[in-house]
file entry37.pdb (PDB, C-alpha atoms, pLDDT in the B column)
ATOM      1  CA  MET V   6       0.000   0.000   0.000  1.00 93.00           C
ATOM      2  CA  HIS V   7       1.069   3.607  -0.535  1.00 94.00           C
ATOM      3  CA  ILE V   8       2.111   6.094   2.138  1.00 95.00           C
ATOM      4  CA  GLY V   9      -1.349   7.665   2.586  1.00 94.00           C
ATOM      5  CA  GLU V  10      -2.987   4.303   3.171  1.00 95.00           C
ATOM      6  CA  ALA V  11      -0.224   3.206   5.552  1.00 95.00           C
ATOM      7  CA  ALA V  12      -0.600   6.425   7.518  1.00 95.00           C
ATOM      8  CA  GLN V  13      -4.354   5.945   7.771  1.00 95.00           C
ATOM      9  CA  HIS V  14      -4.032   2.307   8.888  1.00 94.00           C
ATOM     10  CA  THR V  15      -1.511   3.179  11.599  1.00 93.00           C
ATOM     11  CA  GLY V  16      -2.969   6.441  12.889  1.00 93.00           C
ATOM     12  CA  THR V  17      -0.019   8.520  11.718  1.00 93.00           C
ATOM     13  CA  THR V  18       0.538  10.981   8.888  1.00 95.00           C
ATOM     14  CA  PRO V  19       2.522  10.661   5.658  1.00 96.00           C
ATOM     15  CA  ARG V  20       4.839  13.373   6.947  1.00 96.00           C
ATOM     16  CA  LEU V  21       5.534  11.352  10.099  1.00 94.00           C
ATOM     17  CA  LEU V  22       6.253   8.220   8.047  1.00 95.00           C
ATOM     18  CA  ARG V  23       8.760  10.180   5.958  1.00 95.00           C
ATOM     19  CA  TYR V  24      10.339  11.391   9.222  1.00 95.00           C
ATOM     20  CA  TYR V  25      10.634   7.791  10.472  1.00 95.00           C
ATOM     21  CA  GLU V  26      12.354   6.938   7.204  1.00 94.00           C
ATOM     22  CA  GLN V  27      14.675   9.958   7.471  1.00 94.00           C
ATOM     23  CA  GLN V  28      15.633   8.898  11.017  1.00 92.00           C
ATOM     24  CA  GLY V  29      16.472   5.386   9.812  1.00 90.00           C
ATOM     25  CA  LEU V  30      13.594   3.812  11.733  1.00 92.00           C
ATOM     26  CA  LEU V  31      11.673   2.582   8.720  1.00 93.00           C
ATOM     27  CA  VAL V  32      12.713   1.425   5.264  1.00 92.00           C
ATOM     28  CA  PRO V  33       9.693   1.103   2.993  1.00 93.00           C
ATOM     29  CA  GLY V  34       9.879  -0.709  -0.306  1.00 92.00           C
ATOM     30  CA  ARG V  35       9.676   1.212  -3.543  1.00 92.00           C
ATOM     31  CA  SER V  36       7.467   0.589  -6.538  1.00 91.00           C
ATOM     32  CA  GLU V  37       8.748   0.900 -10.119  1.00 92.00           C
ATOM     33  CA  ASN V  38       7.622   4.531 -10.229  1.00 93.00           C
ATOM     34  CA  GLY V  39       9.469   5.302  -6.956  1.00 91.00           C
ATOM     35  CA  TYR V  40       6.435   5.456  -4.678  1.00 92.00           C
ATOM     36  CA  ARG V  41       6.873   4.151  -1.163  1.00 94.00           C
ATOM     37  CA  GLU V  42       5.252   0.760  -0.605  1.00 94.00           C
ATOM     38  CA  TYR V  43       4.270  -0.569   2.832  1.00 94.00           C
ATOM     39  CA  ASP V  44       3.395  -4.185   3.584  1.00 92.00           C
ATOM     40  CA  GLU V  45       1.871  -5.710   6.732  1.00 90.00           C
ATOM     41  CA  ASN V  46       5.285  -6.002   8.404  1.00 89.00           C
ATOM     42  CA  ALA V  47       5.932  -2.300   7.786  1.00 91.00           C
ATOM     43  CA  LEU V  48       2.560  -1.430   9.315  1.00 92.00           C
ATOM     44  CA  GLY V  49       3.454  -3.405  12.434  1.00 89.00           C
ATOM     45  CA  ARG V  50       6.835  -1.692  12.589  1.00 91.00           C
ATOM     46  CA  ILE V  51       5.175   1.739  12.303  1.00 93.00           C
ATOM     47  CA  VAL V  52       2.897   0.966  15.246  1.00 91.00           C
ATOM     48  CA  GLN V  53       5.896  -0.314  17.190  1.00 89.00           C
ATOM     49  CA  ILE V  54       7.868   2.880  16.480  1.00 92.00           C
ATOM     50  CA  ARG V  55       4.913   5.036  17.466  1.00 92.00           C
ATOM     51  CA  ASP V  56       4.474   3.085  20.725  1.00 87.00           C
ATOM     52  CA  LEU V  57       8.171   3.432  21.577  1.00 87.00           C
ATOM     53  CA  LEU V  58       8.041   7.171  20.895  1.00 89.00           C
ATOM     54  CA  GLN V  59       4.913   7.539  23.026  1.00 88.00           C
ATOM     55  CA  ALA V  60       6.730   5.692  25.817  1.00 83.00           C
ATOM     56  CA  GLY V  61       9.305   8.487  25.717  1.00 82.00           C
ATOM     57  CA  LEU V  62      12.198   6.799  23.953  1.00 85.00           C
ATOM     58  CA  PRO V  63      14.205   9.084  21.680  1.00 87.00           C
ATOM     59  CA  THR V  64      14.585   8.159  18.011  1.00 89.00           C
ATOM     60  CA  ARG V  65      18.352   7.644  18.428  1.00 86.00           C
ATOM     61  CA  LEU V  66      17.654   4.857  20.928  1.00 87.00           C
ATOM     62  CA  ILE V  67      14.755   3.403  18.946  1.00 89.00           C
ATOM     63  CA  GLN V  68      17.036   3.183  15.924  1.00 87.00           C
ATOM     64  CA  GLN V  69      19.465   1.094  17.936  1.00 81.00           C
ATOM     65  CA  ILE V  70      16.964  -1.283  19.536  1.00 81.00           C
ATOM     66  CA  LEU V  71      14.692  -1.911  16.540  1.00 82.00           C
ATOM     67  CA  PRO V  72      17.170  -4.339  14.949  1.00 76.00           C
ATOM     68  CA  CYS V  73      16.997  -6.401  18.165  1.00 73.00           C
ATOM     69  CA  ILE V  74      13.289  -6.963  17.608  1.00 69.00           C
ATOM     70  CA  SER V  75      12.878  -9.318  14.663  1.00 57.00           C
ATOM     71  CA  THR V  76       9.212  -8.609  13.988  1.00 55.00           C
ATOM     72  CA  PRO V  77       6.702  -6.328  15.658  1.00 51.00           C
ATOM     73  CA  HIS V  78       5.420  -7.688  18.965  1.00 52.00           C
ATOM     74  CA  SER V  79       7.855 -10.599  18.899  1.00 51.00           C
ATOM     75  CA  SER V  80      10.463 -11.627  21.390  1.00 52.00           C
ATOM     76  CA  ILE V  81      13.730  -9.721  21.496  1.00 56.00           C
ATOM     77  CA  ARG V  82      16.818 -11.334  20.022  1.00 57.00           C
ATOM     78  CA  PHE V  83      20.196 -10.415  21.407  1.00 59.00           C
ATOM     79  CA  SER V  84      22.573 -10.622  18.466  1.00 63.00           C
ATOM     80  CA  GLY V  85      24.989  -7.716  18.273  1.00 67.00           C
ATOM     81  CA  LEU V  86      24.328  -6.537  21.819  1.00 71.00           C
ATOM     82  CA  THR V  87      27.274  -4.459  23.050  1.00 78.00           C
ATOM     83  CA  PRO V  88      28.199  -3.178  26.517  1.00 86.00           C
ATOM     84  CA  GLU V  89      27.491   0.328  25.214  1.00 84.00           C
ATOM     85  CA  MET V  90      23.978  -0.714  24.204  1.00 79.00           C
ATOM     86  CA  VAL V  91      23.379  -2.253  27.642  1.00 83.00           C
ATOM     87  CA  ALA V  92      24.588   0.966  29.315  1.00 88.00           C
ATOM     88  CA  LEU V  93      22.384   3.055  27.028  1.00 84.00           C
ATOM     89  CA  LEU V  94      19.342   0.924  27.773  1.00 83.00           C
ATOM     90  CA  GLU V  95      20.020   1.025  31.518  1.00 89.00           C
ATOM     91  CA  ALA V  96      20.313   4.817  31.411  1.00 90.00           C
ATOM     92  CA  GLU V  97      17.061   5.039  29.474  1.00 85.00           C
ATOM     93  CA  GLN V  98      15.352   2.715  31.941  1.00 88.00           C
ATOM     94  CA  ASP V  99      16.513   4.943  34.818  1.00 93.00           C
ATOM     95  CA  ARG V 100      15.271   8.046  32.988  1.00 89.00           C
ATOM     96  CA  LEU V 101      11.862   6.454  32.417  1.00 86.00           C
ATOM     97  CA  THR V 102      11.635   5.335  36.049  1.00 93.00           C
ATOM     98  CA  THR V 103      12.305   8.903  37.171  1.00 95.00           C
ATOM     99  CA  ARG V 104       9.665  10.164  34.743  1.00 90.00           C
ATOM    100  CA  ILE V 105       7.133   7.578  35.936  1.00 92.00           C
ATOM    101  CA  ASP V 106       7.765   8.587  39.557  1.00 96.00           C
ATOM    102  CA  CYS V 107       7.180  12.239  38.656  1.00 96.00           C
ATOM    103  CA  LEU V 108       4.005  11.438  36.721  1.00 95.00           C
ATOM    104  CA  THR V 109       2.736   9.311  39.602  1.00 97.00           C
ATOM    105  CA  ARG V 110       3.297  12.153  42.082  1.00 97.00           C
ATOM    106  CA  ASN V 111       1.516  14.587  39.757  1.00 97.00           C
ATOM    107  CA  ARG V 112      -1.404  12.203  39.239  1.00 97.00           C
ATOM    108  CA  ASP V 113      -1.744  11.702  42.995  1.00 97.00           C
ATOM    109  CA  ALA V 114      -1.623  15.456  43.630  1.00 97.00           C
ATOM    110  CA  ILE V 115      -4.396  16.013  41.086  1.00 97.00           C
ATOM    111  CA  ALA V 116      -6.455  13.218  42.677  1.00 96.00           C
ATOM    112  CA  ASP V 117      -6.026  14.839  46.116  1.00 96.00           C
ATOM    113  CA  TYR V 118      -7.000  18.221  44.696  1.00 96.00           C
ATOM    114  CA  LEU V 119     -10.112  16.781  43.034  1.00 95.00           C
ATOM    115  CA  ALA V 120     -11.099  14.974  46.235  1.00 94.00           C
ATOM    116  CA  ALA V 121     -10.776  18.223  48.206  1.00 93.00           C
ATOM    117  CA  LEU V 122     -12.844  20.077  45.604  1.00 93.00           C
ATOM    118  CA  ARG V 123     -15.553  17.419  45.692  1.00 92.00           C
ATOM    119  CA  GLU V 124     -15.611  17.479  49.472  1.00 91.00           C
ATOM    120  CA  THR V 125     -15.838  21.276  49.576  1.00 89.00           C
ATOM    121  CA  ASN V 126     -18.491  21.444  46.870  1.00 85.00           C
ATOM    122  CA  GLY V 127     -20.364  18.290  47.867  1.00 75.00           C
ATOM    123  CA  GLN V 128     -23.659  20.066  48.385  1.00 52.00           C
ATOM    124  CA  GLN V 129     -23.473  21.714  44.954  1.00 54.00           C
ATOM    125  CA  GLU V 130     -22.890  18.511  42.982  1.00 51.00           C
ATOM    126  CA  HIS V 131     -25.563  17.189  40.690  1.00 51.00           C
ATOM    127  CA  THR V 132     -25.642  14.707  37.858  1.00 47.00           C
ATOM    128  CA  PRO V 133     -24.455  16.292  34.579  1.00 51.00           C
ATOM    129  CA  GLY V 134     -27.205  16.618  32.011  1.00 51.00           C
ATOM    130  CA  ARG V 135     -29.912  16.440  34.664  1.00 46.00           C
ATOM    131  CA  THR V 136     -31.940  19.486  35.527  1.00 48.00           C
ATOM    132  CA  GLU V 137     -33.326  20.254  38.938  1.00 47.00           C
ATOM    133  CA  GLU V 138     -37.100  19.939  39.147  1.00 48.00           C
ATOM    134  CA  ALA V 139     -38.798  23.070  40.403  1.00 45.00           C
ATOM    135  CA  SER V 140     -41.176  22.580  43.281  1.00 43.00           C
ATOM    136  CA  VAL V 141     -44.620  24.051  42.894  1.00 39.00           C
TER     137      VAL V 141
END
call {"tool": "encode", "arguments": {"input": "entry37.pdb", "output": "structure tokens"}}
result
Amino acid sequence: MHIGEAAQHTGTTPRLLRYYEQQGLLVPGRSENGYREYDENALGRIVQIRDLLQAGLPTRLIQQILPCISTPHSSIRFSGLTPEMVALLEAEQDRLTTRIDCLTRNRDAIADYLAALRETNGQQEHTPGRTEEASV
């Protein structure tokens, strides 16, 4: 399928797919007329790249770990793993753990704030979309 169809199937944009290609994350096939061609494996790889980016991994790291994953959603193979790669992955894991801790604290603070608001405004709450009936 062409780039527009691949973008639609994966919830991305053609521009983003070209960016993935520019970053060395994706290598689509080419038709005789030079158009990019994406097969089912490429669609899975696109989703995988998008998921890794949403998890907070930078493209430079994704580029290095993608070859370790033979097919999307498969087990990881360890050929070519270097001490530098292990150190890079450990540093990224630590960075993500710190980020998760921060997000958890922020989520909990918002939950506490909402609970306090609900407690303070408890008498004023009513079901959304429901109108109060006037007494006659």
call {"tool": "residues_around", "arguments": {"input": "entry37.pdb", "residues": "V:Leu66", "least_positions_apart": "2", "cutoff": "10 Å", "atoms": "all atoms listed in the file", "output": "VMD selection string"}}
result
chain V and resid 57 to 58 62 to 64 68 to 71 90 93 to 94 97
call {"tool": "write_last_selection", "arguments": {"input": "entry37.pdb", "atoms": "C-alpha atoms", "output": "compact mmCIF listing (two decimals), in the frame of the given file"}}
result
# COMPACT_ATOMS: atom_id res chain seq x y z
CA LEU V 57 8.17 3.43 21.58
CA LEU V 58 8.04 7.17 20.90
CA LEU V 62 12.20 6.80 23.95
CA PRO V 63 14.20 9.08 21.68
CA THR V 64 14.58 8.16 18.01
CA GLN V 68 17.04 3.18 15.92
CA GLN V 69 19.46 1.09 17.94
CA ILE V 70 16.96 -1.28 19.54
CA LEU V 71 14.69 -1.91 16.54
CA MET V 90 23.98 -0.71 24.20
CA LEU V 93 22.38 3.06 27.03
CA LEU V 94 19.34 0.92 27.77
CA GLU V 97 17.06 5.04 29.47
call {"tool": "atom_distance", "arguments": {"input": "entry37.pdb", "atom1": "atom CA of V:Leu30", "atom2": "atom CA of V:Cys107"}}
result
28.9 Å
call {"tool": "atom_distance", "arguments": {"input": "entry37.pdb", "atom1": "atom CA of V:Arg50", "atom2": "atom CA of V:Leu31"}}
result
7.5 Å
call {"tool": "closest_residue", "arguments": {"input": "entry37.pdb", "among": "V:Leu22, V:Cys73, V:Ile8, V:Ile105", "to": "V:Ile54", "atoms": "only C-alpha atoms"}}
result
V:Leu22
call {"tool": "atom_distance", "arguments": {"input": "entry37.pdb", "atom1": "atom CA of V:Leu101", "atom2": "atom CA of V:Gly29"}}
result
23.1 Å
call {"tool": "residues_near_point", "arguments": {"input": "entry37.pdb", "point": "(0.6, 5.7, 1.3)", "cutoff": "12 Å", "atoms": "only C-alpha atoms", "output": "list of chain:residue names"}}
result
V:Met6, V:His7, V:Ile8, V:Gly9, V:Glu10, V:Ala11, V:Ala12, V:Gln13, V:His14, V:Thr15, V:Thr17, V:Thr18, V:Pro19, V:Arg20, V:Leu21, V:Leu22, V:Arg23, V:Pro33, V:Gly34, V:Arg35, V:Ser36, V:Tyr40, V:Arg41, V:Glu42, V:Tyr43, V:Asp44, V:Ala47, V:Leu48
